[in-house]
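Here is the file run03.tsv (TSV, C-alpha atoms and all ligand atoms).
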chain	number	residue	atom	x	y	z
A	1	MET	CA	-103.11	27.62	19.17
A	2	ALA	CA	-103.98	26.02	15.85
A	3	ARG	CA	-101.31	23.85	14.35
A	4	GLY	CA	-100.81	26.01	11.25
A	5	ALA	CA	-100.39	29.16	13.31
A	6	LEU	CA	-97.84	27.49	15.55
A	7	ALA	CA	-95.82	26.36	12.55
A	8	THR	CA	-95.93	29.88	11.10
A	9	THR	CA	-94.83	31.41	14.39
A	10	THR	CA	-92.01	28.90	14.72
A	11	ALA	CA	-90.82	29.64	11.18
A	12	ALA	CA	-90.93	33.38	11.83
A	13	LEU	CA	-88.93	32.99	15.04
A	14	ALA	CA	-86.38	30.83	13.25
A	15	LEU	CA	-86.00	33.55	10.61
A	16	LEU	CA	-85.57	36.19	13.29
A	17	ALA	CA	-82.96	34.10	15.06
A	18	ALA	CA	-81.12	33.53	11.79
A	19	GLY	CA	-81.16	37.27	11.09
A	20	ALA	CA	-79.90	38.09	14.57
A	21	ALA	CA	-77.04	35.64	14.19
A	22	GLY	CA	-76.11	37.25	10.89
A	23	ALA	CA	-76.75	34.06	8.96
A	24	GLN	CA	-76.33	34.37	5.21
A	25	SER	CA	-78.32	32.96	2.35
A	26	PRO	CA	-77.80	29.24	1.77
A	27	ALA	CA	-75.77	29.92	-1.40
A	28	VAL	CA	-73.42	32.27	0.43
A	29	GLU	CA	-72.95	29.73	3.24
A	30	ALA	CA	-72.33	26.92	0.75
A	31	GLY	CA	-69.83	29.14	-1.04
A	32	ARG	CA	-68.06	29.99	2.20
A	33	GLN	CA	-67.48	26.29	2.83
A	34	LYS	CA	-66.43	25.52	-0.75
A	35	ALA	CA	-64.04	28.45	-0.72
A	36	GLN	CA	-61.82	26.75	1.84
A	37	MET	CA	-60.01	25.05	-1.04
A	38	CYS	CA	-59.40	28.44	-2.65
A	39	ALA	CA	-58.03	30.13	0.46
A	40	ALA	CA	-54.43	28.99	-0.01
A	41	CYS	CA	-54.14	31.43	-2.91
A	42	HIS	CA	-57.10	33.80	-2.59
A	43	GLY	CA	-57.03	34.14	1.22
A	44	PRO	CA	-59.74	33.12	3.72
A	45	LEU	CA	-61.73	36.32	2.97
A	46	GLY	CA	-60.97	36.65	-0.71
A	47	LEU	CA	-57.93	38.87	-0.50
A	48	GLY	CA	-55.22	37.26	-2.61
A	49	SER	CA	-52.53	35.72	-0.41
A	50	ALA	CA	-50.37	34.24	-3.17
A	51	PRO	CA	-48.33	36.92	-4.94
A	52	ASP	CA	-50.02	36.31	-8.30
A	53	ALA	CA	-53.56	35.61	-7.03
A	54	PRO	CA	-56.11	38.39	-7.52
A	55	HIS	CA	-58.54	39.62	-4.85
A	56	LEU	CA	-61.97	38.08	-5.23
A	57	ALA	CA	-63.76	39.84	-2.34
A	58	GLY	CA	-66.39	42.29	-3.47
A	59	GLN	CA	-66.13	41.50	-7.17
A	60	PRO	CA	-69.45	41.35	-9.03
A	61	GLU	CA	-71.17	37.98	-8.74
A	62	ILE	CA	-71.84	37.84	-12.49
A	63	TYR	CA	-68.18	38.50	-13.28
A	64	LEU	CA	-66.89	35.86	-10.83
A	65	ALA	CA	-69.27	33.20	-12.18
A	66	ALA	CA	-68.36	34.06	-15.78
A	67	GLN	CA	-64.62	33.78	-15.05
A	68	LEU	CA	-64.99	30.45	-13.27
A	69	LYS	CA	-66.97	29.07	-16.21
A	70	ALA	CA	-64.35	30.40	-18.62
A	71	PHE	CA	-61.59	28.67	-16.60
A	72	ARG	CA	-63.65	25.48	-16.48
A	73	SER	CA	-64.20	25.38	-20.24
A	74	GLY	CA	-60.63	26.44	-20.97
A	75	VAL	CA	-61.69	29.66	-22.77
A	76	ARG	CA	-59.64	31.51	-20.13
A	77	ARG	CA	-56.31	29.81	-19.72
A	78	HIS	CA	-54.35	29.57	-16.50
A	79	GLU	CA	-52.76	26.32	-15.45
A	80	GLN	CA	-53.78	26.38	-11.77
A	81	MET	CA	-57.23	27.88	-12.26
A	82	ASN	CA	-58.08	25.50	-15.11
A	83	VAL	CA	-57.36	22.60	-12.74
A	84	MET	CA	-59.31	24.19	-9.85
A	85	ALA	CA	-62.36	25.02	-11.98
A	86	LYS	CA	-62.58	21.61	-13.67
A	87	ALA	CA	-64.04	20.06	-10.53
A	88	LEU	CA	-66.72	22.74	-10.00
A	89	SER	CA	-70.41	22.20	-10.81
A	90	ASP	CA	-72.67	25.06	-11.90
A	91	GLU	CA	-74.02	25.08	-8.34
A	92	ASP	CA	-70.53	25.30	-6.87
A	93	ILE	CA	-69.75	28.22	-9.15
A	94	ALA	CA	-72.95	30.04	-8.22
A	95	ALA	CA	-72.23	29.52	-4.51
A	96	LEU	CA	-68.59	30.60	-4.76
A	97	ALA	CA	-69.55	33.71	-6.75
A	98	ALA	CA	-72.26	34.55	-4.18
A	99	TRP	CA	-69.78	34.14	-1.30
A	100	TYR	CA	-66.98	36.28	-2.73
A	101	ALA	CA	-69.44	38.95	-3.96
A	102	SER	CA	-70.98	39.14	-0.47
A	103	LEU	CA	-67.66	40.15	1.12
A	104	LYS	CA	-67.50	43.91	1.60
A	105	ILE	CA	-64.25	45.67	0.85
A	106	GLU	CA	-63.14	49.24	1.38
A	107	VAL	CA	-60.66	51.16	-0.70
A	108	GLN	CA	-58.72	54.29	0.06
A	109	PRO	CA	-57.15	56.64	-2.45
A	110	PRO	CA	-53.37	56.96	-2.17
A	111	ARG	CA	-52.13	59.63	0.21
N	201	LIG	C1	-52.93	27.48	-6.51
N	201	LIG	C2	-53.47	28.81	-6.33
N	201	LIG	C3	-54.95	29.04	-6.61
N	201	LIG	C4	-56.02	28.35	-6.08
N	201	LIG	C5	-55.98	27.16	-5.12
N	201	LIG	C6	-57.20	28.97	-6.62
N	201	LIG	N1	-56.86	30.01	-7.42
N	201	LIG	FE1	-58.15	31.29	-8.42
N	201	LIG	N2	-56.56	32.22	-9.27
N	201	LIG	C7	-55.24	31.94	-9.04
N	201	LIG	C8	-54.42	32.79	-9.89
N	201	LIG	C9	-52.90	32.80	-9.91
N	201	LIG	C10	-55.31	33.58	-10.65
N	201	LIG	C11	-54.94	34.60	-11.74
N	201	LIG	C12	-55.17	33.93	-13.07
N	201	LIG	C13	-54.65	34.70	-14.25
N	201	LIG	O1	-53.56	35.28	-14.14
N	201	LIG	O2	-55.32	34.70	-15.28
N	201	LIG	C14	-56.65	33.21	-10.23
N	201	LIG	C15	-57.80	33.77	-10.74
N	201	LIG	C16	-59.07	33.52	-10.27
N	201	LIG	C17	-60.28	34.20	-10.69
N	201	LIG	C18	-60.35	35.34	-11.70
N	201	LIG	C19	-60.31	36.66	-10.95
N	201	LIG	C20	-60.37	37.85	-11.85
N	201	LIG	O3	-60.30	38.96	-11.30
N	201	LIG	O4	-60.52	37.73	-13.07
N	201	LIG	C21	-61.30	33.66	-10.01
N	201	LIG	C22	-62.77	34.05	-10.11
N	201	LIG	C23	-60.76	32.63	-9.15
N	201	LIG	N3	-59.40	32.57	-9.34
N	201	LIG	C24	-61.50	31.85	-8.31
N	201	LIG	C25	-60.99	30.77	-7.57
N	201	LIG	C26	-61.81	29.87	-6.81
N	201	LIG	C27	-63.32	29.99	-6.64
N	201	LIG	C28	-60.97	28.93	-6.29
N	201	LIG	C29	-61.33	27.72	-5.47
N	201	LIG	C30	-62.29	26.82	-6.05
N	201	LIG	C31	-59.62	29.27	-6.71
N	201	LIG	N4	-59.69	30.39	-7.49
N	201	LIG	C32	-58.49	28.58	-6.33
N	201	LIG	C33	-54.75	31.01	-8.14
N	201	LIG	C34	-55.49	30.09	-7.45

Exercise: express the given structure as structure tokens:
Amino acid sequence: MARGALATTTAALALLAAGAAGAQSPAVEAGRQKAQMCAACHGPLGLGSAPDAPHLAGQPEIYLAAQLKAFRSGVRRHEQMNVMAKALSDEDIAALAAWYASLKIEVQPPR
């Protein structure tokens, strides 16, 4: 087999394997790791675990990124979140927004 073809086949197999294992996009994976420092309040899967912390799972990516930037710049004020967001780069924010937006939630009407 020609070298190029082998490389292509290997790449395709790697993609298949990644798909089978349910691997996410690199941004989502990076966000999942970053989000460990958010879990104390927002829960490991983005469902608020502190009484005053909102759910983040399933929120729109654009909204999450906008709120984190607003906390970072101080436009949106909240003591804890202003401190948390200060340390985040644009890349961190994009990854965290991708991670929380990728979590699927289900809602049920009241019975
Ligand atoms: C010490 C607890 C705490 C930690 C840690 C924390 N948060 Fe928060 N977060 C809050 C609280 C409380 C609010 C609600 C803020 C308000 O009332 O305006 C909030 C709000 C938010 C919001 C706005 C949600 C909305 O619906 O508008 C986002 C987005 C968010 N946090 C993301 C994060 C991310 C990402 C991290 C980790 C880098 C993080 N938070 C870490 C407590 C925390």

- Item | Test item: residues lying within 6 Å of ligand LIG 201 (chain N) with all atoms listed in the file, as an NGL selection string | :A and (35 or 37-38 or 40-41 or 52-54 or 64 or 67-68 or 78 or 80-81 or 84 or 96)

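Going from atom CA of A:Leu45 to atom CA of A:Ile105 covers 9.9 Å.
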
- Query: Using only C-alpha atoms, which residue out of A:Ala39, A:Val107, A:Ala101, A:Val28 lies closest to A:Gln59?
  - Reply: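 So, comparing all the options, the nearest one is A:Ala101.
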
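Within 12 Å of the file-frame point (-76.8, 33.3, 1.8), and using all atoms listed in the file, the polymer residues found are Ala18, Gly19, Gly22, Ala23, Gln24, Ser25, Pro26, Ala27, Val28, Glu29, Ala30, Gly31, Arg32, Gln33, Ala94, Ala95, Leu96, Ala97, Ala98, Trp99, Tyr100, Ala101, Ser102 and Leu103 of chain A.
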
Just C-alpha atoms for this one: save the residues we selected as a PDB file, keeping the file's coordinate frame.
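Full text of selection-v6.pdb as output:
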ATOM      1  CA  ALA A  18     -81.120  33.530  11.790  1.00  0.00           C
ATOM      2  CA  GLY A  19     -81.160  37.270  11.090  1.00  0.00           C
ATOM      3  CA  GLY A  22     -76.110  37.250  10.890  1.00  0.00           C
ATOM      4  CA  ALA A  23     -76.750  34.060   8.960  1.00  0.00           C
ATOM      5  CA  GLN A  24     -76.330  34.370   5.210  1.00  0.00           C
ATOM      6  CA  SER A  25     -78.320  32.960   2.350  1.00  0.00           C
ATOM      7  CA  PRO A  26     -77.800  29.240   1.770  1.00  0.00           C
ATOM      8  CA  ALA A  27     -75.770  29.920  -1.400  1.00  0.00           C
ATOM      9  CA  VAL A  28     -73.420  32.270   0.430  1.00  0.00           C
ATOM     10  CA  GLU A  29     -72.950  29.730   3.240  1.00  0.00           C
ATOM     11  CA  ALA A  30     -72.330  26.920   0.750  1.00  0.00           C
ATOM     12  CA  GLY A  31     -69.830  29.140  -1.040  1.00  0.00           C
ATOM     13  CA  ARG A  32     -68.060  29.990   2.200  1.00  0.00           C
ATOM     14  CA  GLN A  33     -67.480  26.290   2.830  1.00  0.00           C
ATOM     15  CA  ALA A  94     -72.950  30.040  -8.220  1.00  0.00           C
ATOM     16  CA  ALA A  95     -72.230  29.520  -4.510  1.00  0.00           C
ATOM     17  CA  LEU A  96     -68.590  30.600  -4.760  1.00  0.00           C
ATOM     18  CA  ALA A  97     -69.550  33.710  -6.750  1.00  0.00           C
ATOM     19  CA  ALA A  98     -72.260  34.550  -4.180  1.00  0.00           C
ATOM     20  CA  TRP A  99     -69.780  34.140  -1.300  1.00  0.00           C
ATOM     21  CA  TYR A 100     -66.980  36.280  -2.730  1.00  0.00           C
ATOM     22  CA  ALA A 101     -69.440  38.950  -3.960  1.00  0.00           C
ATOM     23  CA  SER A 102     -70.980  39.140  -0.470  1.00  0.00           C
ATOM     24  CA  LEU A 103     -67.660  40.150   1.120  1.00  0.00           C
TER      25      LEU A 103
END

- Task: Tell me, in Å to one decimal, how far atom CA of A:Val75 is from atom CA of A:Pro44.
- Result: 26.8 Å

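From atom CA of A:Ala50 back to atom CA of A:Asp92, the distance works out to 22.4 Å.
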
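Distance annotation: of A:Gln108, A:Gln36, A:Asp90, A:Leu47, the residue with the minimal separation from A:Ala66 is A:Asp90; atom set is all atoms listed in the file.
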
Box in all listed atoms of stretch 23-42 of chain A, axis-aligned, with 4 Å more on each side; write out centre and edge lengths in Å to one decimal as lines of an AutoDock Vina configuration file.
center_x = -66.2
center_y = 29.7
center_z = 3.0
size_x = 32.2
size_y = 17.3
size_z = 19.9
